[in-house]
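Okay, target.cif now, which holds mmCIF, C-alpha atoms:
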```cif
data_data
loop_
_atom_site.group_PDB
_atom_site.id
_atom_site.type_symbol
_atom_site.label_atom_id
_atom_site.label_comp_id
_atom_site.auth_asym_id
_atom_site.auth_seq_id
_atom_site.Cartn_x
_atom_site.Cartn_y
_atom_site.Cartn_z
ATOM 1 C CA MET Z 1 15.154 17.427 -3.992
ATOM 2 C CA ARG Z 2 18.810 16.538 -4.251
ATOM 3 C CA LEU Z 3 22.166 18.058 -3.291
ATOM 4 C CA ASP Z 4 24.911 19.340 -5.569
ATOM 5 C CA TYR Z 5 28.210 20.756 -4.365
ATOM 6 C CA SER Z 6 30.240 23.678 -5.689
ATOM 7 C CA PRO Z 7 34.036 23.275 -5.809
ATOM 8 C CA GLN Z 8 34.280 25.945 -3.074
ATOM 9 C CA PHE Z 9 31.924 24.006 -0.820
ATOM 10 C CA LEU Z 10 33.927 20.801 -1.281
ATOM 11 C CA ARG Z 11 37.202 22.554 -0.413
ATOM 12 C CA SER Z 12 35.681 24.162 2.679
ATOM 13 C CA TRP Z 13 34.046 20.911 3.785
ATOM 14 C CA GLU Z 14 37.322 18.989 3.441
ATOM 15 C CA ASN Z 15 39.043 21.579 5.659
ATOM 16 C CA ALA Z 16 36.282 21.618 8.289
ATOM 17 C CA PRO Z 17 36.851 19.647 11.507
ATOM 18 C CA ALA Z 18 35.493 16.082 11.506
ATOM 19 C CA PRO Z 19 32.736 16.848 14.065
ATOM 20 C CA VAL Z 20 31.495 19.695 11.845
ATOM 21 C CA GLN Z 21 31.473 17.389 8.820
ATOM 22 C CA LYS Z 22 29.407 14.853 10.747
ATOM 23 C CA ARG Z 23 26.934 17.500 11.962
ATOM 24 C CA PHE Z 24 26.644 18.860 8.420
ATOM 25 C CA GLU Z 25 25.667 15.410 7.129
ATOM 26 C CA LYS Z 26 22.840 15.310 9.669
ATOM 27 C CA GLN Z 27 21.717 18.829 8.715
ATOM 28 C CA ALA Z 28 21.889 17.966 4.998
ATOM 29 C CA ALA Z 29 19.483 15.092 5.637
ATOM 30 C CA TYR Z 30 17.110 17.548 7.353
ATOM 31 C CA LEU Z 31 17.439 19.905 4.385
ATOM 32 C CA LEU Z 32 16.449 17.163 1.966
ATOM 33 C CA GLU Z 33 13.512 16.280 4.188
ATOM 34 C CA ASN Z 34 12.222 19.785 4.985
ATOM 35 C CA LEU Z 35 13.746 23.200 4.254
ATOM 36 C CA ARG Z 36 11.842 24.570 7.245
ATOM 37 C CA HIS Z 37 13.173 22.023 9.737
ATOM 38 C CA PRO Z 38 13.686 23.943 13.015
ATOM 39 C CA SER Z 39 17.246 22.680 13.443
ATOM 40 C CA LEU Z 40 18.333 24.328 10.187
ATOM 41 C CA ARG Z 41 16.990 27.801 10.891
ATOM 42 C CA ALA Z 42 17.222 28.320 7.122
ATOM 43 C CA LYS Z 43 16.718 31.857 5.879
ATOM 44 C CA LYS Z 44 17.323 33.941 2.807
ATOM 45 C CA TYR Z 45 20.816 35.404 3.196
ATOM 46 C CA ASP Z 46 21.198 37.381 -0.047
ATOM 47 C CA GLU Z 47 17.948 38.141 -1.852
ATOM 48 C CA ALA Z 48 19.627 39.548 -4.973
ATOM 49 C CA ARG Z 49 21.737 36.420 -5.565
ATOM 50 C CA ASP Z 50 19.102 34.031 -4.158
ATOM 51 C CA ILE Z 51 21.483 32.646 -1.511
ATOM 52 C CA TRP Z 52 20.186 30.892 1.579
ATOM 53 C CA GLN Z 53 21.951 30.319 4.900
ATOM 54 C CA ALA Z 54 21.369 27.384 7.251
ATOM 55 C CA ARG Z 55 22.867 26.256 10.523
ATOM 56 C CA VAL Z 56 25.283 23.385 10.947
ATOM 57 C CA ASP Z 57 25.576 24.148 14.671
ATOM 58 C CA GLY Z 58 26.040 27.190 16.863
ATOM 59 C CA SER Z 59 29.367 28.042 15.260
ATOM 60 C CA TRP Z 60 29.113 26.941 11.608
ATOM 61 C CA ARG Z 61 26.793 27.856 8.717
ATOM 62 C CA PHE Z 62 26.343 26.611 5.181
ATOM 63 C CA TYR Z 63 25.147 28.571 2.177
ATOM 64 C CA PHE Z 64 23.159 27.306 -0.790
ATOM 65 C CA GLN Z 65 20.917 28.194 -3.702
ATOM 66 C CA ILE Z 66 17.751 26.452 -4.766
ATOM 67 C CA ARG Z 67 17.973 25.561 -8.438
ATOM 68 C CA GLY Z 68 14.888 23.702 -9.568
ATOM 69 C CA ASP Z 69 14.907 20.414 -7.672
ATOM 70 C CA THR Z 70 18.470 20.879 -6.402
ATOM 71 C CA TYR Z 71 20.051 22.481 -3.363
ATOM 72 C CA TYR Z 72 23.333 23.799 -4.767
ATOM 73 C CA LEU Z 73 25.713 24.066 -1.805
ATOM 74 C CA LEU Z 74 28.029 27.057 -2.083
ATOM 75 C CA ASN Z 75 30.109 27.123 1.100
ATOM 76 C CA ILE Z 76 30.417 25.988 4.703
ATOM 77 C CA ILE Z 77 32.207 28.345 7.081
ATOM 78 C CA PRO Z 78 32.480 29.309 10.733
ATOM 79 C CA HIS Z 79 29.705 31.725 11.603
ATOM 80 C CA PRO Z 80 30.990 35.309 11.595
ATOM 81 C CA LYS Z 81 29.846 36.720 14.916
#
```

Whole structure given in structure tokens:
Amino acid sequence: MRLDYSPQFLRSWENAPAPVQKRFEKQAAYLLENLRHPSLRAKKYDEARDIWQARVDGSWRFYFQIRGDTYYLLNIIPHPK
């Protein structure tokens, strides 16, 4: 698997705090290794649009689609509580 980034994801990532960016990089490595890694808590977020949600940390989430052999990253945002 590999990662690809939407323009929206890149804008959101650039505006995220540096500690969140660093934690995301660690989580992205887990994603590439194993979608079911416990730290990610990955789950289907929107079945109709095939969008997944995974955890950056307790306060941030990232959203992606699986397209063949690619995780297409859609956005990274603070978790709406």

> Skipping near chain neighbours, those fewer than 6 positions away, what residues fall within 7 Å of Z:Ser6 using all atoms listed in the file, listed as a ChimeraX atom specification?
Replying inline: /Z:72-74

> Nearest to Z:Tyr5: which of Z:Ala28, Z:Arg61, Z:Asp46, Z:Ser39 is it, counting only C-alpha atoms?
Replying inline: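 Among the listed residues, the smallest separation from Z:Tyr5 belongs to Z:Ala28.
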
>> To one decimal place in Å, what is the distance between atom CA of Z:Leu40 and atom CA of Z:Ala54?
In response: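 Atom-to-atom, atom CA of Z:Leu40 to atom CA of Z:Ala54, that is 5.2 Å.
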
> Selected by the PyMOL selection byres ((chain Z and resi 76) around 12) in the shown coordinates: which residues, as a VMD selection string?
Replying inline: chain Z and resid 5 to 17 20 to 21 23 to 25 27 to 28 52 to 57 59 to 64 73 to 75 77 to 80

Kindly export the residues of the current selection with C-alpha atoms, as an mmCIF file, keeping the file's coordinate frame.
```
data_model
loop_
_atom_site.group_PDB
_atom_site.id
_atom_site.type_symbol
_atom_site.label_atom_id
_atom_site.label_comp_id
_atom_site.auth_asym_id
_atom_site.auth_seq_id
_atom_site.Cartn_x
_atom_site.Cartn_y
_atom_site.Cartn_z
ATOM 1 C CA TYR Z 5 28.210 20.756 -4.365
ATOM 2 C CA SER Z 6 30.240 23.678 -5.689
ATOM 3 C CA PRO Z 7 34.036 23.275 -5.809
ATOM 4 C CA GLN Z 8 34.280 25.945 -3.074
ATOM 5 C CA PHE Z 9 31.924 24.006 -0.820
ATOM 6 C CA LEU Z 10 33.927 20.801 -1.281
ATOM 7 C CA ARG Z 11 37.202 22.554 -0.413
ATOM 8 C CA SER Z 12 35.681 24.162 2.679
ATOM 9 C CA TRP Z 13 34.046 20.911 3.785
ATOM 10 C CA GLU Z 14 37.322 18.989 3.441
ATOM 11 C CA ASN Z 15 39.043 21.579 5.659
ATOM 12 C CA ALA Z 16 36.282 21.618 8.289
ATOM 13 C CA PRO Z 17 36.851 19.647 11.507
ATOM 14 C CA VAL Z 20 31.495 19.695 11.845
ATOM 15 C CA GLN Z 21 31.473 17.389 8.820
ATOM 16 C CA ARG Z 23 26.934 17.500 11.962
ATOM 17 C CA PHE Z 24 26.644 18.860 8.420
ATOM 18 C CA GLU Z 25 25.667 15.410 7.129
ATOM 19 C CA GLN Z 27 21.717 18.829 8.715
ATOM 20 C CA ALA Z 28 21.889 17.966 4.998
ATOM 21 C CA TRP Z 52 20.186 30.892 1.579
ATOM 22 C CA GLN Z 53 21.951 30.319 4.900
ATOM 23 C CA ALA Z 54 21.369 27.384 7.251
ATOM 24 C CA ARG Z 55 22.867 26.256 10.523
ATOM 25 C CA VAL Z 56 25.283 23.385 10.947
ATOM 26 C CA ASP Z 57 25.576 24.148 14.671
ATOM 27 C CA SER Z 59 29.367 28.042 15.260
ATOM 28 C CA TRP Z 60 29.113 26.941 11.608
ATOM 29 C CA ARG Z 61 26.793 27.856 8.717
ATOM 30 C CA PHE Z 62 26.343 26.611 5.181
ATOM 31 C CA TYR Z 63 25.147 28.571 2.177
ATOM 32 C CA PHE Z 64 23.159 27.306 -0.790
ATOM 33 C CA LEU Z 73 25.713 24.066 -1.805
ATOM 34 C CA LEU Z 74 28.029 27.057 -2.083
ATOM 35 C CA ASN Z 75 30.109 27.123 1.100
ATOM 36 C CA ILE Z 77 32.207 28.345 7.081
ATOM 37 C CA PRO Z 78 32.480 29.309 10.733
ATOM 38 C CA HIS Z 79 29.705 31.725 11.603
ATOM 39 C CA PRO Z 80 30.990 35.309 11.595
#
```

> For the file shown, what are the residues hit by the PyMOL selection byres ((chain Z and resi 69) around 9), laid out as a list in words?
Replying inline: Met1, Arg2, Leu3, Ile66, Arg67, Gly68, Thr70 and Tyr71 of chain Z

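Pairwise distance (atom CA of Z:Ile51, atom CA of Z:Gln65) equals 5.0 Å.
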
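Remark: for Z:Gly58, the closest of the candidate residues Z:Ala29, Z:Arg36, Z:Arg41, Z:Asp4 is Z:Arg41 (distances computed over only C-alpha atoms).
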
>> What's the separation between atom CA of Z:His37 and atom CA of Z:Asp50, in Å to one decimal place?
In response: 19.3 Å
